[in-house]
Amino acid sequence: MFGEMEKNSFSMAYDDLGDKTTINGRKIELLFEDGQGKPDIAKSAAEKLVHSDKVDMISGGYSSACTFPIAGAAQTMGVPFLDSTGAADKITTQGWEWVFRGTAAPASHYTGALFDFYDNVMHPKTTALMYENTDFGTSSADGYKAICEAKGIEVVFDEAYEAGAVDFKPMLMKAKAANPETCYVISYVMDASLIIKQARELDWNVDLFVGGAAGWTMPEFLENAKDASEYVASTTLWVPNVAWPGVSEYYNGYIAKYGKKPDYHGAQAYGTMQIIVDALNNAKEISYEGIRQSLLEINPTTVMGPIKLENWSDEFGHNYTNQNRPTTYVVQWQKGVLEVIWPEAAKSANYVCPVPKWSERK
Amino acid sequence: MVIFGQTFICGILLGGIYAIIAIGMTLIMGVMKIINLAHGALMMVGMYISYCLFTYCGGIDPYIAMFLSGACLFGIGYLIQKYSIEKVSGVETILPESQVLLTVGIMLVLTEAIRLIFKSDYRSVAPWYSGTSFFVGDMSISIPMLIGFGIAMAFVFVLHLFLTRTDLGRSVRATAQDRDAATYMGINSKRVTNFTFGLGSALAAVGGTLLLPIYYLFPDIGHAVLAKCFIITILGGMGSTMGALFGGLALGVAESFGATYWAMGYKDVVGLIIFIVVLLFLPGGFKSLTKR
């Protein structure tokens with residue numbers, strides 16, 4: 001479902017960009033390979049695209065576990081790779097000059113708006129942290145812990161889990177026993193649905209239940225968690241009503257064309273296609289090196305906002321290469337709609353926090 | 001204490017559902033003396049059938065749909081055994097385990113066929129009782145898990161009666177004990193083998209369907225379940241129905257306690273440790289304890 005949303009969005013951007021996809025009479029061709037969500041297959045798909053299809057650059061990637069080997073392969077082959085979604089910090093902290101990340105923030109930076117919300121609204125003293133033990137989960141969790149420590153928020157419960165479990169209750173019971181004011185949970189979509197449903201079964205209440213993007217903002221989360229999704233908040237990198245040019249055209253166009261609502265993953269793919277076309281148009285020559293140089297020079301405005309691929313360092317001592325600086329939001333499911341609640345300037349609805357206890361809901 | 005009790009309940013309920021799936025595997029293993037690596041994939045097909053019955057046929061409840069999907073899987077299993085696995089038995093090949101390799105092939109074909117039809121998307125079935133629970137003291141008990149456990153235990157009981165009280169059931173056990181002797185006694189051991197494969201597949205479909213209201217569905221779901229069945233079968237003693245029942249319950253409880261008192265991330269490690277320990281110190285599984 002993630003792959004499909006991204007693929008649709010890539011294709012849609014490609015169609016929308018029309019004439020720009022023809023450079024000096026040469027039409028940009030968009031080739032897709034299915035990584036099947038498996039790191040080894042993703043890597044060989046990338047290698048196939050370069051060696052046998054002779055592509056000029058690679059893009060895509062959903063899970064960090066798949067994106068990292070693709071990035072490694074691109075670096076080894078000396079082919080530009082623009083990561084659309086894979087967010088583990090380590091993808092752009094290796095000093096790999098062929099690897100670019102525009103539309104995705106490093107995982108440890110998904111929480112900018114959330115901590116702003118904590119500081120201004122919630123002032124929590126304690127928090128729980130649960131995350132899947134993958135590249136993305138661990139990166140996100142490390143970032144969250146570091147910021148909590150700096151802000152004096154005590155992480156009273158901290159546990160990693162293996163994705164795909166049937167029963168999360170053992171972990172959730174312990175989290176409940178630790179009695180945190182808020183919790184931050186980094187999961188993909190089906191784990192997210194099971195976790196929130198089982199939290200309700202255990203009658204575990206917190207002031208605000210926050211998901212760490214990924215699964216928590218997907219339309220499929222709502223479909224599977226049903227009314228347990230109500231008031232669940234999440235960090236995100238994009239919202240449909242953000243003010244960047246082309247966003248509403250993309251959002252409404254996607255719904256009209258595919259009959260489903262896209263979330264930030266789709267916007268990442270759309271934005272990535274915009275970057276690619278801009279980079280190819282700007283390139284002095286269509287070669288690996290020419291495209292790499294062009295990616296460093298351009299400054300396009302996409303549906304994900306302005307993109308500048310550059311080197312910078314953060315407060316955790318990570319040094320990023322060819323990484324755009326992130327903008328983040330906090331969203332909350334309210335009556336089946338994902339509303340923006342923070343930052344205040346971008347909000348589409350008022351936040352509900354602390355949320356009503358499970359037993360007080362109808 | 002609440003955490004201890006809750007952990008135990010979660011483990012036992014899930015373990016019961018594991019057990020019914022593993023019993024299907026152990027039956028096949030008992031009669032055919034091979035590991036059926038397509039077992040998880042057969043369960044997955046059964047789950048998709050129940051999913052379709054719920055989603056496209058006017059919301060047939062999974063607890064009713066399981067009989068239909070069980071019947072379908074009985075047919076599929078019977079035919080697979082009759083027209084493919086049986087053909088390989090006794091044929092000279094480089095590897096003696098050609099039947100096992102064939103089951104791997106069947107697993108891949110089933111998984112990819114389902115992926116072709118349904119794509120890799122996650123799907124779930126949500127009847128009204130999905131996600132409901134009640135409290136005993138401070139311990140929450142999930143209703144679909146409790147029903148699933150109850151049905152699984154009922155099936156085990158009926159299966160036990162069938163294997164011990166009916167002629168066909170006795171033939172299955174006789175074939176499992178000694179195929180040649182059974183044949184001399186006038187049992188059509190080929191037909192019994194076909195039947196057993198069908199029965200094992202049907203039990204997998206039933207167990208898979210019991211998981212539907214609790215869990216979700218995707219084409220690769222069989223792999224994870226297959227690994228658990230394998231551990232349970234070893235734990236219970238290969239071919240032993242009662243062994244698989246206790247093996248399933250033990251694995252469920254062990255995983256649950258591992259998740260609570262060790263770490264959620266190491267839940268699956270617990271099962272694998274048990275697997276190694278049993279192989280080292282109790283190679284016959286639980287079955288060997290009772291026969292001493």
# chains A, B, ... in the order shown; residues from 1 in each chain; ligands from 1
call {"tool": "select_by_dssp", "arguments": {"residues": "stretch 105-337 of chain A", "states": "strand (DSSP E or B)", "output": "PyMOL selection string"}}
result
chain A and resi 126-132+154-161+182-186+208-211+233-236+301-302+305-306+310-313+319-323+329-334+337
call {"tool": "interface_residues", "arguments": {"of": "chain A", "to": "chain B", "cutoff": "8 Å", "atoms": "only C-alpha atoms", "output": "count of residues only"}}
result
22
call {"tool": "closest_atom_pairs", "arguments": {"of": "stretch 190-236 of chain B", "to": "stretch 148-154 of chain B", "cutoff": "12 Å", "atoms": "only C-alpha atoms", "output": "JSON lines"}}
result
{"residue": "B:Leu203", "atom": "CA", "partner": "B:Ala152", "partner_atom": "CA", "distance": 9.3}
{"residue": "B:Ala204", "atom": "CA", "partner": "B:Ala152", "partner_atom": "CA", "distance": 10.9}
{"residue": "B:Ala205", "atom": "CA", "partner": "B:Ala152", "partner_atom": "CA", "distance": 11.6}
{"residue": "B:Val206", "atom": "CA", "partner": "B:Ala152", "partner_atom": "CA", "distance": 8.3}
{"residue": "B:Gly207", "atom": "CA", "partner": "B:Ala152", "partner_atom": "CA", "distance": 7.1}
{"residue": "B:Gly208", "atom": "CA", "partner": "B:Gly148", "partner_atom": "CA", "distance": 10.0}
{"residue": "B:Thr209", "atom": "CA", "partner": "B:Gly148", "partner_atom": "CA", "distance": 8.9}
{"residue": "B:Leu210", "atom": "CA", "partner": "B:Gly148", "partner_atom": "CA", "distance": 5.2}
{"residue": "B:Leu211", "atom": "CA", "partner": "B:Gly148", "partner_atom": "CA", "distance": 7.4}
{"residue": "B:Leu212", "atom": "CA", "partner": "B:Gly148", "partner_atom": "CA", "distance": 9.7}
{"residue": "B:Pro213", "atom": "CA", "partner": "B:Gly148", "partner_atom": "CA", "distance": 9.1}
{"residue": "B:Ile214", "atom": "CA", "partner": "B:Gly148", "partner_atom": "CA", "distance": 9.2}
{"residue": "B:Tyr215", "atom": "CA", "partner": "B:Gly148", "partner_atom": "CA", "distance": 11.8}
call {"tool": "residues_around", "arguments": {"residues": "stretch 52-63 of chain A", "least_positions_apart": "2", "cutoff": "6 Å", "atoms": "only C-alpha atoms", "output": "list in words"}}
result
Lys48, Leu49, Val50, Ala65, Cys66, Thr67, Val79, Pro80, Phe81, Leu82, Asp83, Ser84, Thr85 and Gly86 of chain A
call {"tool": "write_last_selection", "arguments": {"atoms": "N, CA and C atoms", "output": "mmCIF file, in the first residue's frame"}}
result
data_model
loop_
_atom_site.group_PDB
_atom_site.id
_atom_site.type_symbol
_atom_site.label_atom_id
_atom_site.label_comp_id
_atom_site.auth_asym_id
_atom_site.auth_seq_id
_atom_site.Cartn_x
_atom_site.Cartn_y
_atom_site.Cartn_z
ATOM 1 N N LYS A 48 20.033 -3.875 -10.986
ATOM 2 C CA LYS A 48 19.484 -4.200 -12.309
ATOM 3 C C LYS A 48 19.169 -2.922 -13.093
ATOM 4 N N LEU A 49 18.556 -1.947 -12.396
ATOM 5 C CA LEU A 49 18.202 -0.694 -13.067
ATOM 6 C C LEU A 49 19.443 -0.033 -13.656
ATOM 7 N N VAL A 50 20.551 -0.085 -12.916
ATOM 8 C CA VAL A 50 21.763 0.585 -13.386
ATOM 9 C C VAL A 50 22.456 -0.238 -14.467
ATOM 10 N N ALA A 65 15.164 -0.102 5.998
ATOM 11 C CA ALA A 65 15.899 -1.363 5.866
ATOM 12 C C ALA A 65 16.182 -1.659 4.394
ATOM 13 N N CYS A 66 15.286 -1.226 3.494
ATOM 14 C CA CYS A 66 15.515 -1.429 2.058
ATOM 15 C C CYS A 66 16.298 -0.277 1.454
ATOM 16 N N THR A 67 16.051 0.935 1.952
ATOM 17 C CA THR A 67 16.672 2.108 1.353
ATOM 18 C C THR A 67 18.179 2.118 1.592
ATOM 19 N N VAL A 79 26.322 6.125 -8.781
ATOM 20 C CA VAL A 79 25.112 6.575 -9.476
ATOM 21 C C VAL A 79 24.300 7.427 -8.506
ATOM 22 N N PRO A 80 23.796 8.582 -8.951
ATOM 23 C CA PRO A 80 23.016 9.397 -8.013
ATOM 24 C C PRO A 80 21.762 8.670 -7.549
ATOM 25 N N PHE A 81 21.521 8.701 -6.244
ATOM 26 C CA PHE A 81 20.321 8.086 -5.661
ATOM 27 C C PHE A 81 19.623 9.135 -4.822
ATOM 28 N N LEU A 82 18.374 9.414 -5.160
ATOM 29 C CA LEU A 82 17.590 10.373 -4.391
ATOM 30 C C LEU A 82 16.555 9.592 -3.591
ATOM 31 N N ASP A 83 16.758 9.549 -2.284
ATOM 32 C CA ASP A 83 15.884 8.801 -1.377
ATOM 33 C C ASP A 83 14.594 9.595 -1.186
ATOM 34 N N SER A 84 13.459 8.943 -1.426
ATOM 35 C CA SER A 84 12.196 9.674 -1.272
ATOM 36 C C SER A 84 11.633 9.553 0.141
ATOM 37 N N THR A 85 11.814 8.418 0.798
ATOM 38 C CA THR A 85 11.105 8.177 2.056
ATOM 39 C C THR A 85 11.962 7.582 3.173
ATOM 40 N N GLY A 86 12.844 6.658 2.840
ATOM 41 C CA GLY A 86 13.651 5.978 3.873
ATOM 42 C C GLY A 86 14.305 6.999 4.789
#
call {"tool": "select_by_dssp", "arguments": {"residues": "stretch 207-335 of chain A", "states": "alpha helix (DSSP H)", "output": "MDAnalysis selection string"}}
result
chainID A and resid 219:225 247:258 264:282 288:297
call {"tool": "residues_around", "arguments": {"residues": "stretch 267-276 of chain A", "least_positions_apart": "3", "cutoff": "7 Å", "atoms": "only C-alpha atoms", "output": "number ranges by chain"}}
result
A: 6, 9-10, 13-14, 84-85, 103, 263-264, 279-280, 300, 302-304
call {"tool": "residues_around", "arguments": {"residues": "B:Gly75", "least_positions_apart": "5", "cutoff": "12 Å", "atoms": "only C-alpha atoms", "output": "list in words"}}
result
Leu42, Gly46, Leu68, Ser69, Gly70, Ile80, Gln81, Lys82, Tyr83, Asn194, Phe195, Thr196, Phe197, Gly198, Leu199, Gly200, Ser201, Ala202 and Ala205 of chain B
call {"tool": "closest_atom_pairs", "arguments": {"of": "stretch 220-326 of chain A", "to": "stretch 104-111 of chain A", "cutoff": "10 Å", "atoms": "only C-alpha atoms", "output": "JSON lines"}}
result
{"residue": "A:Ser234", "atom": "CA", "partner": "A:Thr111", "partner_atom": "CA", "distance": 9.3}
{"residue": "A:Thr235", "atom": "CA", "partner": "A:Thr111", "partner_atom": "CA", "distance": 6.3}
{"residue": "A:Thr236", "atom": "CA", "partner": "A:Tyr110", "partner_atom": "CA", "distance": 6.9}
{"residue": "A:Leu237", "atom": "CA", "partner": "A:Tyr110", "partner_atom": "CA", "distance": 7.2}
{"residue": "A:Trp238", "atom": "CA", "partner": "A:Ala104", "partner_atom": "CA", "distance": 9.9}
{"residue": "A:Tyr264", "atom": "CA", "partner": "A:Ala104", "partner_atom": "CA", "distance": 9.6}
{"residue": "A:His265", "atom": "CA", "partner": "A:Ala104", "partner_atom": "CA", "distance": 9.1}
{"residue": "A:Gln268", "atom": "CA", "partner": "A:Ala104", "partner_atom": "CA", "distance": 7.0}
{"residue": "A:Ala269", "atom": "CA", "partner": "A:Ala104", "partner_atom": "CA", "distance": 9.8}
{"residue": "A:Thr272", "atom": "CA", "partner": "A:Ala104", "partner_atom": "CA", "distance": 9.5}
{"residue": "A:Met304", "atom": "CA", "partner": "A:Ala104", "partner_atom": "CA", "distance": 9.0}
{"residue": "A:Asp314", "atom": "CA", "partner": "A:His109", "partner_atom": "CA", "distance": 9.3}
{"residue": "A:Phe316", "atom": "CA", "partner": "A:Ser108", "partner_atom": "CA", "distance": 9.2}
{"residue": "A:His318", "atom": "CA", "partner": "A:Ser108", "partner_atom": "CA", "distance": 10.0}
{"residue": "A:Tyr320", "atom": "CA", "partner": "A:Pro106", "partner_atom": "CA", "distance": 8.8}
{"residue": "A:Gln323", "atom": "CA", "partner": "A:Ala105", "partner_atom": "CA", "distance": 7.9}
{"residue": "A:Asn324", "atom": "CA", "partner": "A:Ala105", "partner_atom": "CA", "distance": 7.2}
{"residue": "A:Arg325", "atom": "CA", "partner": "A:Ala105", "partner_atom": "CA", "distance": 6.9}
{"residue": "A:Pro326", "atom": "CA", "partner": "A:Ala105", "partner_atom": "CA", "distance": 5.1}
call {"tool": "write_last_selection", "arguments": {"atoms": "C-alpha atoms", "output": "compact mmCIF listing (two decimals), in the first residue's frame"}}
result
# COMPACT_ATOMS: atom_id res chain seq x y z
CA SER A 234 1.34 11.62 15.19
CA THR A 235 4.32 13.50 13.91
CA THR A 236 4.35 13.95 10.16
CA LEU A 237 6.37 15.63 7.43
CA TRP A 238 3.48 16.89 5.33
CA TYR A 264 2.90 12.24 3.47
CA HIS A 265 4.45 9.21 1.76
CA GLN A 268 7.25 12.60 -0.73
CA ALA A 269 7.14 10.62 -3.96
CA THR A 272 10.85 13.67 -5.29
CA MET A 304 7.02 19.14 0.37
CA ASP A 314 22.76 18.60 14.28
CA PHE A 316 23.35 15.04 18.40
CA HIS A 318 25.30 13.72 13.32
CA TYR A 320 24.47 14.85 7.24
CA GLN A 323 20.26 16.25 3.24
CA ASN A 324 17.40 18.71 3.10
CA ARG A 325 16.46 20.40 6.39
CA PRO A 326 13.12 19.12 7.64
call {"tool": "residues_around", "arguments": {"residues": "A:Arg361", "least_positions_apart": "3", "cutoff": "12 Å", "atoms": "only C-alpha atoms", "output": "MDAnalysis selection string"}}
result
chainID A and resid 200 203 205 227:228 230:231 355:358
call {"tool": "write_last_selection", "arguments": {"atoms": "N, CA and C atoms", "output": "PDB file, in the first residue's frame"}}
result
ATOM      1  N   ARG A 200      -6.441  -0.016  24.012  1.00  0.00           N
ATOM      2  CA  ARG A 200      -7.828   0.200  24.443  1.00  0.00           C
ATOM      3  C   ARG A 200      -8.339  -1.013  25.229  1.00  0.00           C
ATOM      4  N   ASP A 203      -7.324  -0.799  28.551  1.00  0.00           N
ATOM      5  CA  ASP A 203      -7.765   0.430  29.195  1.00  0.00           C
ATOM      6  C   ASP A 203      -6.572   1.245  29.703  1.00  0.00           C
ATOM      7  N   ASN A 205      -4.648   4.568  29.584  1.00  0.00           N
ATOM      8  CA  ASN A 205      -4.891   5.960  29.217  1.00  0.00           C
ATOM      9  C   ASN A 205      -3.654   6.816  29.406  1.00  0.00           C
ATOM     10  N   ASP A 227     -12.463   3.033  15.348  1.00  0.00           N
ATOM     11  CA  ASP A 227     -12.642   4.141  16.298  1.00  0.00           C
ATOM     12  C   ASP A 227     -11.570   4.192  17.385  1.00  0.00           C
ATOM     13  N   ALA A 228     -10.721   3.159  17.461  1.00  0.00           N
ATOM     14  CA  ALA A 228      -9.593   3.255  18.401  1.00  0.00           C
ATOM     15  C   ALA A 228      -8.612   4.327  17.946  1.00  0.00           C
ATOM     16  N   GLU A 230      -9.297   7.329  17.213  1.00  0.00           N
ATOM     17  CA  GLU A 230      -9.717   8.670  17.617  1.00  0.00           C
ATOM     18  C   GLU A 230      -8.748   9.293  18.641  1.00  0.00           C
ATOM     19  N   TYR A 231      -8.360  10.521  18.376  1.00  0.00           N
ATOM     20  CA  TYR A 231      -7.464  11.325  19.228  1.00  0.00           C
ATOM     21  C   TYR A 231      -6.004  10.871  19.214  1.00  0.00           C
ATOM     22  N   VAL A 355      -6.545  13.760  26.169  1.00  0.00           N
ATOM     23  CA  VAL A 355      -7.672  13.121  25.485  1.00  0.00           C
ATOM     24  C   VAL A 355      -8.571  12.428  26.508  1.00  0.00           C
ATOM     25  N   PRO A 356      -9.866  12.260  26.183  1.00  0.00           N
ATOM     26  CA  PRO A 356     -10.748  11.556  27.112  1.00  0.00           C
ATOM     27  C   PRO A 356     -10.291  10.115  27.349  1.00  0.00           C
ATOM     28  N   LYS A 357     -10.534   9.613  28.550  1.00  0.00           N
ATOM     29  CA  LYS A 357     -10.187   8.218  28.837  1.00  0.00           C
ATOM     30  C   LYS A 357     -11.042   7.284  27.992  1.00  0.00           C
ATOM     31  N   TRP A 358     -10.514   6.068  27.747  1.00  0.00           N
ATOM     32  CA  TRP A 358     -11.260   5.114  26.914  1.00  0.00           C
ATOM     33  C   TRP A 358     -12.662   4.884  27.470  1.00  0.00           C
TER      34      TRP A 358
END
call {"tool": "residues_around", "arguments": {"residues": "A:Trp98", "least_positions_apart": "6", "cutoff": "12 Å", "atoms": "only C-alpha atoms", "output": "PyMOL selection string"}}
result
chain A and resi 57-59+70-83+91-92+288-296+309+321-323
call {"tool": "atom_distance", "arguments": {"atom1": "atom CA of B:Val269", "atom2": "atom CA of B:Leu101"}}
result
26.2 Å
call {"tool": "closest_residue", "arguments": {"among": "A:Gln36, A:Trp216, A:Asn241, A:Gly259", "to": "B:Pro219", "atoms": "only C-alpha atoms"}}
result
A:Gln36
call {"tool": "decode", "arguments": {"residues": "stretch 118-152 of chain A", "atoms": "C-alpha atoms", "output": "short mmCIF file (atom, residue, chain, number, x, y, z; two decimals), in the first residue's frame"}}
result
data_model
loop_
_atom_site.label_atom_id
_atom_site.label_comp_id
_atom_site.auth_asym_id
_atom_site.auth_seq_id
_atom_site.Cartn_x
_atom_site.Cartn_y
_atom_site.Cartn_z
CA TYR A 118 5.22 19.53 24.50
CA ASP A 119 6.96 22.79 25.47
CA ASN A 120 4.01 25.05 24.78
CA VAL A 121 0.99 22.94 25.65
CA MET A 122 1.58 19.70 27.51
CA HIS A 123 4.69 20.21 29.64
CA PRO A 124 4.98 16.45 30.24
CA LYS A 125 7.30 15.19 32.97
CA THR A 126 7.23 11.56 31.92
CA THR A 127 6.91 9.69 28.66
CA ALA A 128 6.95 6.13 27.39
CA LEU A 129 8.73 5.10 24.23
CA MET A 130 8.06 2.02 22.12
CA TYR A 131 9.55 1.33 18.73
CA GLU A 132 10.07 -1.44 16.26
CA ASN A 133 13.63 -2.70 16.20
CA THR A 134 14.42 -1.56 12.66
CA ASP A 135 16.67 1.15 11.23
CA PHE A 136 13.85 3.67 11.20
CA GLY A 137 12.51 2.73 14.63
CA THR A 138 15.88 2.80 16.34
CA SER A 139 16.96 6.08 14.72
CA SER A 140 13.69 7.74 15.68
CA ALA A 141 13.85 6.40 19.22
CA ASP A 142 17.44 7.52 19.75
CA GLY A 143 16.53 11.02 18.59
CA TYR A 144 13.48 11.11 20.85
CA LYS A 145 15.42 9.93 23.90
CA ALA A 146 18.22 12.44 23.34
CA ILE A 147 15.80 15.36 23.11
CA CYS A 148 13.79 14.17 26.13
CA GLU A 149 16.97 14.00 28.16
CA ALA A 150 17.97 17.50 27.10
CA LYS A 151 14.52 18.82 28.05
CA GLY A 152 14.34 16.97 31.37
#
